[in-house]
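Have a look at the structure below before the remarks.
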Amino acid sequence: MNSSPLDRVSLKNPVHLLALGFGSGLIRPAPGTWGSLAGTILGSALLACLGLKIFLILTALCFAIGCYLCQKTADDMGVHDHGSIVWDEFVGVFIVLAVIPTLSLPWIVIAFILFRFFDILKPYPIRYFDQKLESGFGIMVDDVLAAIYAVIVIVILRIVGVLPC
């Protein structure tokens with residue numbers, strides 16, 4: 001009898017707890033969206049409490065730790081980049097939150113929507129890396145690239161005056 005990959009993880013395991021976004025990656029449908037939403041809420045609170053410099057350091061640490069968390073959880077599940085692994089979404093949305101000009105609800109929503117758009121669409125080279133890199137780094141890097149695309153859009157829209165400063 002085959003078991004589900006989700007049967008091989010436990011929220012009691014701290015590695016799985018983090019990789020599954022404190023359980024947000026278990027919500028169906030669209031676990032990546034739920035994980036991004038949880039990451040947006042947590043990231044906004046952390047940014048407000050810590051300030052930008054410490055938040056950026058924390059985001060870099062979350063990326064580095066995430067390479068391990070995502071690889072270990074994927075190995076335990078027996079599936080590379082299972083949809084319930086959403087730590088990469090947390091880090092991706094943290095990156096976008098770090099560049100919004102104000103920590104206001106409209107900007108937080110814009111950060112969330114743009115990140116999800118690029119994470120789902122996966123324009124070149126995101127899809128390439130998503131398909132070719134089969135490691136914890138590979139799980140993480142496509143979301144970092146999606147975040148970079150979102151950051152570029154925010155910067156361009158601010159430069160042309162579509163979005164306020």
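All residue names refer to the structure tokens as shown: chains lettered A, B, ... in order, residues numbered from 1 in each chain, ligands numbered from 1 in order.
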
So which bits of chain A end up alpha helix (DSSP H) when you DSSP the backbone, as number ranges by chain?
-> A: 14-19, 31-50, 52-77, 87-97, 105-121, 126-132, 136-159

Written file, previous selection with C-alpha atoms, as an mmCIF file, in the first residue's frame:
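Writing the result to again.cif gives the following:
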```cif
data_model
loop_
_atom_site.group_PDB
_atom_site.id
_atom_site.type_symbol
_atom_site.label_atom_id
_atom_site.label_comp_id
_atom_site.auth_asym_id
_atom_site.auth_seq_id
_atom_site.Cartn_x
_atom_site.Cartn_y
_atom_site.Cartn_z
ATOM 1 C CA PRO A 14 10.734 21.494 13.459
ATOM 2 C CA VAL A 15 12.266 21.051 9.983
ATOM 3 C CA HIS A 16 8.919 20.003 8.511
ATOM 4 C CA LEU A 17 7.066 22.678 10.499
ATOM 5 C CA LEU A 18 9.178 25.413 8.924
ATOM 6 C CA ALA A 19 9.328 23.894 5.424
ATOM 7 C CA PRO A 31 -0.915 25.686 -0.949
ATOM 8 C CA GLY A 32 1.610 28.078 -2.544
ATOM 9 C CA THR A 33 -0.879 30.918 -2.287
ATOM 10 C CA TRP A 34 -1.710 30.073 1.335
ATOM 11 C CA GLY A 35 2.002 29.821 2.116
ATOM 12 C CA SER A 36 2.612 33.177 0.434
ATOM 13 C CA LEU A 37 -0.221 34.719 2.442
ATOM 14 C CA ALA A 38 1.187 33.358 5.703
ATOM 15 C CA GLY A 39 4.637 34.600 4.655
ATOM 16 C CA THR A 40 3.217 38.013 3.835
ATOM 17 C CA ILE A 41 1.563 38.317 7.240
ATOM 18 C CA LEU A 42 4.636 37.085 9.105
ATOM 19 C CA GLY A 43 7.026 39.124 6.946
ATOM 20 C CA SER A 44 5.027 42.318 7.420
ATOM 21 C CA ALA A 45 5.037 41.849 11.189
ATOM 22 C CA LEU A 46 8.767 41.068 11.259
ATOM 23 C CA LEU A 47 9.614 44.034 9.024
ATOM 24 C CA ALA A 48 7.579 46.348 11.263
ATOM 25 C CA CYS A 49 9.269 45.023 14.419
ATOM 26 C CA LEU A 50 12.839 44.571 13.212
ATOM 27 C CA LEU A 52 14.713 46.957 7.190
ATOM 28 C CA LYS A 53 18.375 46.134 7.887
ATOM 29 C CA ILE A 54 17.700 43.338 10.378
ATOM 30 C CA PHE A 55 14.826 42.082 8.196
ATOM 31 C CA LEU A 56 17.178 41.795 5.203
ATOM 32 C CA ILE A 57 19.696 39.854 7.290
ATOM 33 C CA LEU A 58 16.887 37.603 8.532
ATOM 34 C CA THR A 59 15.690 37.076 4.939
ATOM 35 C CA ALA A 60 19.185 36.032 3.834
ATOM 36 C CA LEU A 61 19.403 33.625 6.776
ATOM 37 C CA CYS A 62 15.953 32.255 5.925
ATOM 38 C CA PHE A 63 17.167 31.600 2.372
ATOM 39 C CA ALA A 64 20.286 29.773 3.561
ATOM 40 C CA ILE A 65 18.383 27.732 6.148
ATOM 41 C CA GLY A 66 15.609 27.159 3.614
ATOM 42 C CA CYS A 67 17.953 25.315 1.268
ATOM 43 C CA TYR A 68 18.395 22.722 4.002
ATOM 44 C CA LEU A 69 14.776 22.729 5.240
ATOM 45 C CA CYS A 70 13.324 22.259 1.768
ATOM 46 C CA GLN A 71 15.821 19.565 0.749
ATOM 47 C CA LYS A 72 15.371 17.587 3.967
ATOM 48 C CA THR A 73 11.584 17.763 3.783
ATOM 49 C CA ALA A 74 11.556 16.856 0.081
ATOM 50 C CA ASP A 75 13.814 13.877 0.863
ATOM 51 C CA ASP A 76 11.551 12.811 3.731
ATOM 52 C CA MET A 77 8.494 13.080 1.467
ATOM 53 C CA TRP A 87 9.276 28.019 2.973
ATOM 54 C CA ASP A 88 10.489 29.213 -0.435
ATOM 55 C CA GLU A 89 7.328 31.293 -0.773
ATOM 56 C CA PHE A 90 8.002 32.855 2.627
ATOM 57 C CA VAL A 91 11.480 33.935 1.540
ATOM 58 C CA GLY A 92 10.268 35.145 -1.863
ATOM 59 C CA VAL A 93 7.573 37.360 -0.405
ATOM 60 C CA PHE A 94 10.008 38.618 2.277
ATOM 61 C CA ILE A 95 12.250 39.892 -0.536
ATOM 62 C CA VAL A 96 9.384 41.787 -2.163
ATOM 63 C CA LEU A 97 8.211 43.233 1.166
ATOM 64 C CA LEU A 105 -1.944 47.559 3.389
ATOM 65 C CA PRO A 106 -2.042 48.622 -0.294
ATOM 66 C CA TRP A 107 1.715 48.053 -0.683
ATOM 67 C CA ILE A 108 1.570 44.753 1.183
ATOM 68 C CA VAL A 109 -1.220 43.581 -1.151
ATOM 69 C CA ILE A 110 0.767 44.716 -4.217
ATOM 70 C CA ALA A 111 3.825 42.795 -2.955
ATOM 71 C CA PHE A 112 1.742 39.654 -2.412
ATOM 72 C CA ILE A 113 -0.038 39.820 -5.787
ATOM 73 C CA LEU A 114 3.094 40.519 -7.827
ATOM 74 C CA PHE A 115 5.037 37.764 -6.116
ATOM 75 C CA ARG A 116 2.252 35.225 -6.649
ATOM 76 C CA PHE A 117 1.851 36.307 -10.289
ATOM 77 C CA PHE A 118 5.497 35.624 -11.117
ATOM 78 C CA ASP A 119 5.698 32.522 -8.931
ATOM 79 C CA ILE A 120 2.740 30.991 -10.782
ATOM 80 C CA LEU A 121 3.651 32.241 -14.274
ATOM 81 C CA ILE A 126 12.394 30.832 -13.580
ATOM 82 C CA ARG A 127 10.748 27.782 -15.167
ATOM 83 C CA TYR A 128 14.132 26.575 -16.441
ATOM 84 C CA PHE A 129 15.697 26.649 -12.977
ATOM 85 C CA ASP A 130 12.558 25.184 -11.409
ATOM 86 C CA GLN A 131 12.809 22.171 -13.732
ATOM 87 C CA LYS A 132 16.603 21.720 -13.792
ATOM 88 C CA GLY A 136 17.042 22.584 -1.740
ATOM 89 C CA PHE A 137 18.749 25.465 -3.527
ATOM 90 C CA GLY A 138 16.666 24.666 -6.609
ATOM 91 C CA ILE A 139 13.459 24.720 -4.569
ATOM 92 C CA MET A 140 14.420 28.118 -3.160
ATOM 93 C CA VAL A 141 15.891 29.853 -6.223
ATOM 94 C CA ASP A 142 12.782 29.911 -8.425
ATOM 95 C CA ASP A 143 10.930 31.855 -5.741
ATOM 96 C CA VAL A 144 13.838 34.258 -5.319
ATOM 97 C CA LEU A 145 13.743 34.869 -9.088
ATOM 98 C CA ALA A 146 9.965 35.407 -8.953
ATOM 99 C CA ALA A 147 10.580 37.934 -6.177
ATOM 100 C CA ILE A 148 13.201 39.713 -8.299
ATOM 101 C CA TYR A 149 10.700 39.991 -11.163
ATOM 102 C CA ALA A 150 8.146 41.467 -8.747
ATOM 103 C CA VAL A 151 10.736 43.918 -7.404
ATOM 104 C CA ILE A 152 11.592 45.031 -10.957
ATOM 105 C CA VAL A 153 7.908 45.683 -11.693
ATOM 106 C CA ILE A 154 7.517 47.713 -8.493
ATOM 107 C CA VAL A 155 10.603 49.800 -9.320
ATOM 108 C CA ILE A 156 9.460 50.425 -12.915
ATOM 109 C CA LEU A 157 5.921 51.362 -11.860
ATOM 110 C CA ARG A 158 7.301 53.785 -9.276
ATOM 111 C CA ILE A 159 9.712 55.346 -11.800
#
```

At a cut-off of 6 Å, using only C-alpha atoms, what residues contact A:Leu26? Leave out same-chain residues fewer than 2 positions from it and give the result as an mmCIF file with all heavy atoms, in the first residue's frame.
```
data_model
loop_
_atom_site.group_PDB
_atom_site.id
_atom_site.type_symbol
_atom_site.label_atom_id
_atom_site.label_comp_id
_atom_site.auth_asym_id
_atom_site.auth_seq_id
_atom_site.Cartn_x
_atom_site.Cartn_y
_atom_site.Cartn_z
ATOM 1 N N GLY A 23 2.421 25.007 8.689
ATOM 2 C CA GLY A 23 1.178 24.319 8.350
ATOM 3 C C GLY A 23 0.400 24.960 7.213
ATOM 4 O O GLY A 23 -0.524 24.365 6.675
ATOM 5 N N SER A 24 0.785 26.159 6.813
ATOM 6 C CA SER A 24 0.046 26.843 5.743
ATOM 7 C C SER A 24 0.151 26.113 4.408
ATOM 8 O O SER A 24 -0.759 26.197 3.578
ATOM 9 C CB SER A 24 0.528 28.294 5.589
ATOM 10 O OG SER A 24 1.898 28.339 5.213
ATOM 11 N N SER A 84 3.296 21.328 -0.869
ATOM 12 C CA SER A 84 3.121 21.736 0.524
ATOM 13 C C SER A 84 4.366 22.386 1.116
ATOM 14 O O SER A 84 4.302 23.009 2.171
ATOM 15 C CB SER A 84 2.721 20.530 1.377
ATOM 16 O OG SER A 84 3.752 19.573 1.393
#
```

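A straight line drawn from atom CA of A:Gly83 to atom CA of A:Gly21 is 11.3 Å long.
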
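For the pair atom CA of A:Glu134 and atom CA of A:Ile85, the interatomic distance is 13.9 Å.
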
Correct to one decimal, the distance atom CA of A:Pro29-atom CA of A:Ala98 is 27.6 Å

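Of the listed residues A:Leu133, A:Val160, A:Leu103, A:Leu11, the one whose atoms come nearest to A:His80 is A:Leu133, with distances taken using only C-alpha atoms.
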